[in-house]
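Next comes run_2.csv, with CSV, C-alpha atoms.
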```
chain,number,residue,atom,x,y,z
H,134,ALA,CA,91.3,108.1,76.9
H,135,GLN,CA,95.0,108.9,76.9
H,136,SER,CA,96.7,109.3,80.3
H,137,VAL,CA,100.1,109.6,82.0
H,138,ALA,CA,100.9,108.5,85.5
H,139,GLN,CA,103.8,109.4,87.7
H,140,PRO,CA,103.3,107.1,90.7
H,141,GLU,CA,105.7,108.9,93.0
H,142,ASP,CA,105.1,112.5,94.2
H,143,GLN,CA,108.7,112.7,95.4
H,144,VAL,CA,112.0,110.8,94.9
H,145,ASN,CA,114.9,111.2,97.3
H,146,VAL,CA,118.4,110.1,96.3
H,147,ALA,CA,121.9,110.8,97.6
H,148,GLU,CA,124.3,112.6,95.4
H,149,GLY,CA,126.4,110.2,93.3
H,150,ASN,CA,123.7,107.4,93.4
H,151,PRO,CA,121.7,106.4,90.4
H,152,LEU,CA,118.2,107.9,90.1
H,153,THR,CA,115.0,106.7,88.5
H,154,VAL,CA,111.8,108.7,88.1
H,155,LYS,CA,108.9,106.5,87.0
H,156,CYS,CA,106.3,107.1,84.3
H,157,THR,CA,103.6,104.9,82.8
H,158,TYR,CA,101.2,105.8,80.0
H,159,SER,CA,98.0,104.7,78.4
H,160,VAL,CA,97.5,105.6,74.7
H,161,SER,CA,96.0,104.0,71.7
H,162,GLY,CA,98.5,103.7,68.9
H,163,ASN,CA,102.2,104.5,68.9
H,164,PRO,CA,103.1,106.9,71.7
H,165,TYR,CA,105.4,109.9,71.4
H,166,LEU,CA,106.8,110.3,74.9
H,167,PHE,CA,108.6,113.2,76.5
H,168,TRP,CA,110.4,114.2,79.7
H,169,TYR,CA,110.6,117.8,80.9
H,170,VAL,CA,112.2,119.4,83.9
H,171,GLN,CA,111.0,122.5,85.8
H,172,TYR,CA,113.1,124.5,88.2
H,173,PRO,CA,111.4,126.7,90.8
H,174,ASN,CA,109.3,129.5,89.3
H,175,ARG,CA,110.5,128.7,85.8
H,176,GLY,CA,109.0,127.2,82.7
H,177,LEU,CA,109.5,123.6,81.6
H,178,GLN,CA,112.7,122.6,79.8
H,179,PHE,CA,112.8,119.7,77.4
H,180,LEU,CA,115.0,116.8,78.4
H,181,LEU,CA,114.4,114.0,75.9
H,182,LYS,CA,111.8,112.2,73.8
H,183,TYR,CA,111.0,108.8,72.4
H,184,ILE,CA,109.6,108.6,68.9
H,185,THR,CA,110.7,105.3,67.5
H,186,GLY,CA,113.8,103.1,67.3
H,187,ASP,CA,116.1,102.3,70.2
H,188,ASN,CA,114.3,101.8,73.5
H,189,LEU,CA,117.0,103.7,75.4
H,190,VAL,CA,116.9,107.4,74.7
H,191,LYS,CA,119.7,109.8,75.7
H,192,GLY,CA,119.0,113.4,76.5
H,193,SER,CA,120.3,116.5,78.1
H,194,TYR,CA,122.4,116.8,81.3
H,195,GLY,CA,123.2,113.1,81.3
H,196,PHE,CA,119.6,111.9,81.6
H,197,GLU,CA,118.3,108.9,79.7
H,198,ALA,CA,115.0,107.1,79.5
H,199,GLU,CA,114.0,103.6,78.8
H,200,PHE,CA,110.9,102.9,76.7
H,201,ASN,CA,109.2,99.6,77.6
H,202,LYS,CA,106.2,98.9,75.3
H,203,SER,CA,105.0,95.7,77.2
H,204,GLN,CA,105.0,97.6,80.5
H,205,THR,CA,103.8,100.9,78.9
H,206,SER,CA,106.5,102.7,80.8
H,207,PHE,CA,109.0,105.4,80.1
H,208,HIS,CA,111.2,105.8,83.2
H,209,LEU,CA,113.7,108.5,83.5
H,210,LYS,CA,117.2,107.5,84.7
H,211,LYS,CA,120.6,109.0,85.5
H,212,PRO,CA,123.6,106.9,86.5
H,213,SER,CA,124.9,109.5,89.1
H,214,ALA,CA,122.7,112.2,90.6
H,215,LEU,CA,123.8,115.7,91.2
H,216,VAL,CA,122.4,118.1,93.8
H,217,SER,CA,121.7,120.4,90.9
H,218,ASP,CA,119.3,117.8,89.5
H,219,SER,CA,116.8,118.6,92.3
H,220,ALA,CA,113.7,119.8,90.4
H,221,LEU,CA,110.2,118.9,89.3
H,222,TYR,CA,110.1,116.3,86.5
H,223,PHE,CA,107.2,115.9,84.1
H,224,CYS,CA,106.5,112.9,81.8
H,225,ALA,CA,104.3,113.7,78.8
H,226,VAL,CA,102.7,111.9,75.9
H,227,ARG,CA,101.6,113.4,72.7
H,228,GLU,CA,98.1,112.4,71.8
H,229,PRO,CA,98.2,110.2,68.6
H,230,GLY,CA,96.4,111.9,65.8
H,231,GLY,CA,95.6,114.9,67.9
H,232,PHE,CA,97.1,118.2,68.9
H,233,LYS,CA,97.4,117.9,72.6
H,234,THR,CA,100.2,116.9,74.9
H,235,ILE,CA,99.1,115.2,78.1
H,236,PHE,CA,101.3,115.8,81.1
H,237,GLY,CA,101.7,113.7,84.3
H,238,ALA,CA,101.3,115.3,87.7
H,239,GLY,CA,105.0,115.6,88.1
H,240,THR,CA,107.6,114.1,90.5
H,241,ARG,CA,109.8,116.2,92.7
H,242,LEU,CA,113.3,115.0,92.9
H,243,PHE,CA,115.5,115.8,95.9
H,244,VAL,CA,119.2,115.0,95.6
H,245,LYS,CA,121.0,115.2,99.0
H,246,ALA,CA,124.7,116.1,99.2
W,149,ASP,CA,118.5,134.6,71.2
W,150,GLY,CA,115.3,132.9,70.2
W,151,GLY,CA,112.7,132.1,72.9
W,152,ILE,CA,109.4,132.8,74.5
W,153,THR,CA,108.8,135.7,76.8
W,154,GLN,CA,106.0,136.1,79.3
W,155,SER,CA,105.1,139.2,81.2
W,156,PRO,CA,104.7,140.1,83.9
W,157,LYS,CA,106.4,137.5,86.1
W,158,TYR,CA,104.1,138.2,89.0
W,159,LEU,CA,100.6,139.6,88.8
W,160,PHE,CA,98.2,140.6,91.5
W,161,ARG,CA,94.5,141.4,90.9
W,162,LYS,CA,91.4,141.9,92.8
W,163,GLU,CA,88.5,139.5,92.3
W,164,GLY,CA,86.1,140.6,89.6
W,165,GLN,CA,88.8,142.2,87.4
W,166,ASN,CA,89.8,140.9,84.0
W,167,VAL,CA,93.6,140.5,83.5
W,168,THR,CA,95.7,139.8,80.3
W,169,LEU,CA,98.8,137.8,80.3
W,170,SER,CA,101.3,138.4,77.6
W,171,CYS,CA,103.2,135.7,75.6
W,172,GLU,CA,105.6,136.5,72.7
W,173,GLN,CA,107.8,134.2,70.7
W,174,ASN,CA,110.5,134.9,68.2
W,175,LEU,CA,111.0,131.2,67.2
W,176,ASN,CA,108.9,131.5,64.1
W,177,HIS,CA,106.6,128.8,65.5
W,178,ASP,CA,103.2,128.4,64.1
W,179,ALA,CA,101.6,126.7,67.1
W,180,MET,CA,101.2,128.2,70.5
W,181,TYR,CA,99.6,127.0,73.8
W,182,TRP,CA,98.5,128.2,77.2
W,183,TYR,CA,98.7,125.9,80.2
W,184,ARG,CA,97.6,126.3,83.8
W,185,GLN,CA,99.8,124.7,86.5
W,186,ASP,CA,98.5,124.0,90.0
W,187,PRO,CA,100.4,122.1,92.6
W,188,GLY,CA,100.1,118.3,92.2
W,189,GLN,CA,98.0,118.5,89.0
W,190,GLY,CA,100.6,118.9,86.3
W,191,LEU,CA,99.8,121.1,83.3
W,192,ARG,CA,96.3,121.5,82.0
W,193,LEU,CA,95.6,122.9,78.5
W,194,ILE,CA,93.6,126.1,78.3
W,195,TYR,CA,93.7,127.1,74.7
W,196,TYR,CA,95.9,126.4,71.7
W,197,SER,CA,96.4,128.1,68.3
W,198,GLN,CA,97.7,126.4,65.2
W,199,ILE,CA,97.8,129.5,63.0
W,200,VAL,CA,97.1,133.2,63.1
W,201,ASN,CA,93.5,134.2,63.6
W,202,ASP,CA,92.6,130.6,64.7
W,203,PHE,CA,92.5,129.0,68.1
W,204,GLN,CA,90.8,126.1,69.9
W,205,LYS,CA,89.6,125.4,73.4
W,206,GLY,CA,91.6,123.1,75.5
W,207,ASP,CA,90.4,121.1,78.5
W,208,ILE,CA,89.8,124.0,80.9
W,209,ALA,CA,88.8,127.0,78.6
W,210,GLU,CA,85.9,128.3,80.7
W,211,GLY,CA,86.6,131.8,82.1
W,212,TYR,CA,89.5,132.4,79.7
W,213,SER,CA,89.8,134.0,76.3
W,214,VAL,CA,92.7,134.4,73.8
W,215,SER,CA,93.5,136.1,70.5
W,216,ARG,CA,96.1,135.4,67.8
W,217,GLU,CA,96.4,138.4,65.6
W,218,LYS,CA,100.1,138.0,65.0
W,219,LYS,CA,102.2,134.9,64.7
W,220,GLU,CA,104.5,136.0,67.4
W,221,SER,CA,101.8,136.8,70.0
W,222,PHE,CA,99.2,134.8,71.9
W,223,PRO,CA,97.8,136.8,74.9
W,224,LEU,CA,95.6,135.1,77.4
W,225,THR,CA,92.8,137.0,79.2
W,226,VAL,CA,91.6,135.7,82.6
W,227,THR,CA,88.1,136.9,83.0
W,228,SER,CA,86.0,137.5,86.1
W,229,ALA,CA,84.1,134.4,85.1
W,230,GLN,CA,87.1,132.1,86.0
W,231,LYS,CA,86.2,130.9,89.5
W,232,ASN,CA,89.6,130.0,90.7
W,233,PRO,CA,92.1,132.0,88.7
W,234,THR,CA,95.1,132.0,91.1
W,235,ALA,CA,97.7,129.8,89.5
W,236,PHE,CA,100.9,129.6,87.5
W,237,TYR,CA,100.3,130.2,83.8
W,238,LEU,CA,102.7,128.8,81.2
W,239,CYS,CA,102.8,129.7,77.5
W,240,ALA,CA,104.5,127.3,75.0
W,241,SER,CA,105.1,126.9,71.3
W,242,THR,CA,106.0,124.3,68.7
W,243,TYR,CA,107.0,124.7,65.1
W,244,ASP,CA,103.8,123.0,63.8
W,245,VAL,CA,101.0,121.7,65.9
W,246,GLY,CA,100.7,118.8,63.5
W,247,ALA,CA,104.3,117.7,64.1
W,248,LYS,CA,103.5,115.2,66.8
W,249,PHE,CA,107.0,114.4,67.8
W,250,ASP,CA,108.2,118.0,68.3
W,251,GLU,CA,108.9,119.1,71.8
W,252,GLN,CA,107.3,122.2,73.2
W,253,TYR,CA,109.3,125.3,74.1
W,254,PHE,CA,108.0,127.0,77.3
W,255,GLY,CA,108.1,130.6,78.5
W,256,PRO,CA,109.2,131.4,82.1
W,257,GLY,CA,105.6,131.6,83.3
W,258,THR,CA,103.4,134.2,85.0
W,259,ARG,CA,102.2,133.7,88.6
W,260,LEU,CA,98.7,135.2,89.0
W,261,THR,CA,97.3,135.9,92.4
W,262,VAL,CA,93.7,137.0,92.7
W,263,THR,CA,92.4,138.2,96.1
```

Take the structure I supplied and represent it as structure tokens, if you would.
Amino acid sequence: AQSVAQPEDQVNVAEGNPLTVKCTYSVSGNPYLFWYVQYPNRGLQFLLKYITGDNLVKGSYGFEAEFNKSQTSFHLKKPSALVSDSALYFCAVREPGGFKTIFGAGTRLFVKA
Amino acid sequence: DGGITQSPKYLFRKEGQNVTLSCEQNLNHDAMYWYRQDPGQGLRLIYYSQIVNDFQKGDIAEGYSVSREKKESFPLTVTSAQKNPTAFYLCASTYDVGAKFDEQYFGPGTRLTVT
């Protein structure tokens, strides 16, 4: 069965420092991977996706993610965190051959000034 | 501006009452989805629809019902049979449910509280 794991419930980082939010997945076949961000009491906003090609994907607001097939990971990164990056981040994988997107449980990012 | 609207933002109901959550999109998307979000559990799929007058159950459809009479609209009814209906409900859409690499567009959500 397909699954997505976000091993950290919460990540704390100081403003200006690099940040990483971890995601691992388990799917059969080629994965389509996504990152979304959610601000309080709001819907999810798309950040970036991996379909094929370069393992480093660049997205909105300076975020990027690195696809690692051997480690089945798709970690979200940003070189310099902002206080405004504080939010809930979801990793998701599209079910190959199906119609469902499977979401991780989410990681709350706190960026301290 | 194209997007997805959900109403109301907050909804309070007494136990035993059915309630309908609205979802409308003007993105000309064929596929629409309803998710339930609970703290620490991510998003769980309730129902999805690929086309007008067609919809399929997701992972947690029990106690919920939907309709898709128009392309733009995908209302969700939370029935009295849903044992724990208090949650944050999110509607989403994509251009085509078969386009596996399309990201989903989400509405702002409806927070339902049942007492």

Worksheet item: Mind listing as a PyMOL selection string which residues of chain H are within 12 Å of chain W, counting only C-alpha atoms?
Response: chain H and resi 136-143+163-185+221-241

Fill in: Selected residue, from W:Tyr212, W:Tyr158, W:Phe203, W:Tyr195, that lies nearest to Thr261 in chain W when counting only C-alpha atoms
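Selected residue with least distance to Thr261 in chain W: W:Tyr158.
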
Worksheet item: Can you tell me how far CA of Asn176 in chain W sits from CA of Tyr243 in chain W, in Å to one decimal?
Response: 7.1 Å

Response to the item:
For Val262 in chain W, the closest of W:Lys231, W:Lys205, W:Lys162, W:Lys219 counting all atoms listed in the file is W:Lys162

Discussion item. I want to know what sits within 12 Å of Ala229 in chain W, based on all atoms listed in the file, with residues of the same chain fewer than 3 positions away left out; could you give that as a list of chain:residue names?
Written reply: W:Glu163, W:Gly164, W:Gln165, W:Asn166, W:Val167, W:Ala209, W:Glu210, W:Gly211, W:Tyr212, W:Ser213, W:Thr225, W:Val226, W:Asn232, W:Pro233

Discussion item. Please report the interatomic distance between CA of Gln135 in chain H and CA of Thr157 in chain H in Å with one decimal.
Written reply: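 Interatomic distance here is 11.2 Å.
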
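Note that CA of Asp218 in chain H and CA of Leu152 in chain H are 10.0 Å apart.
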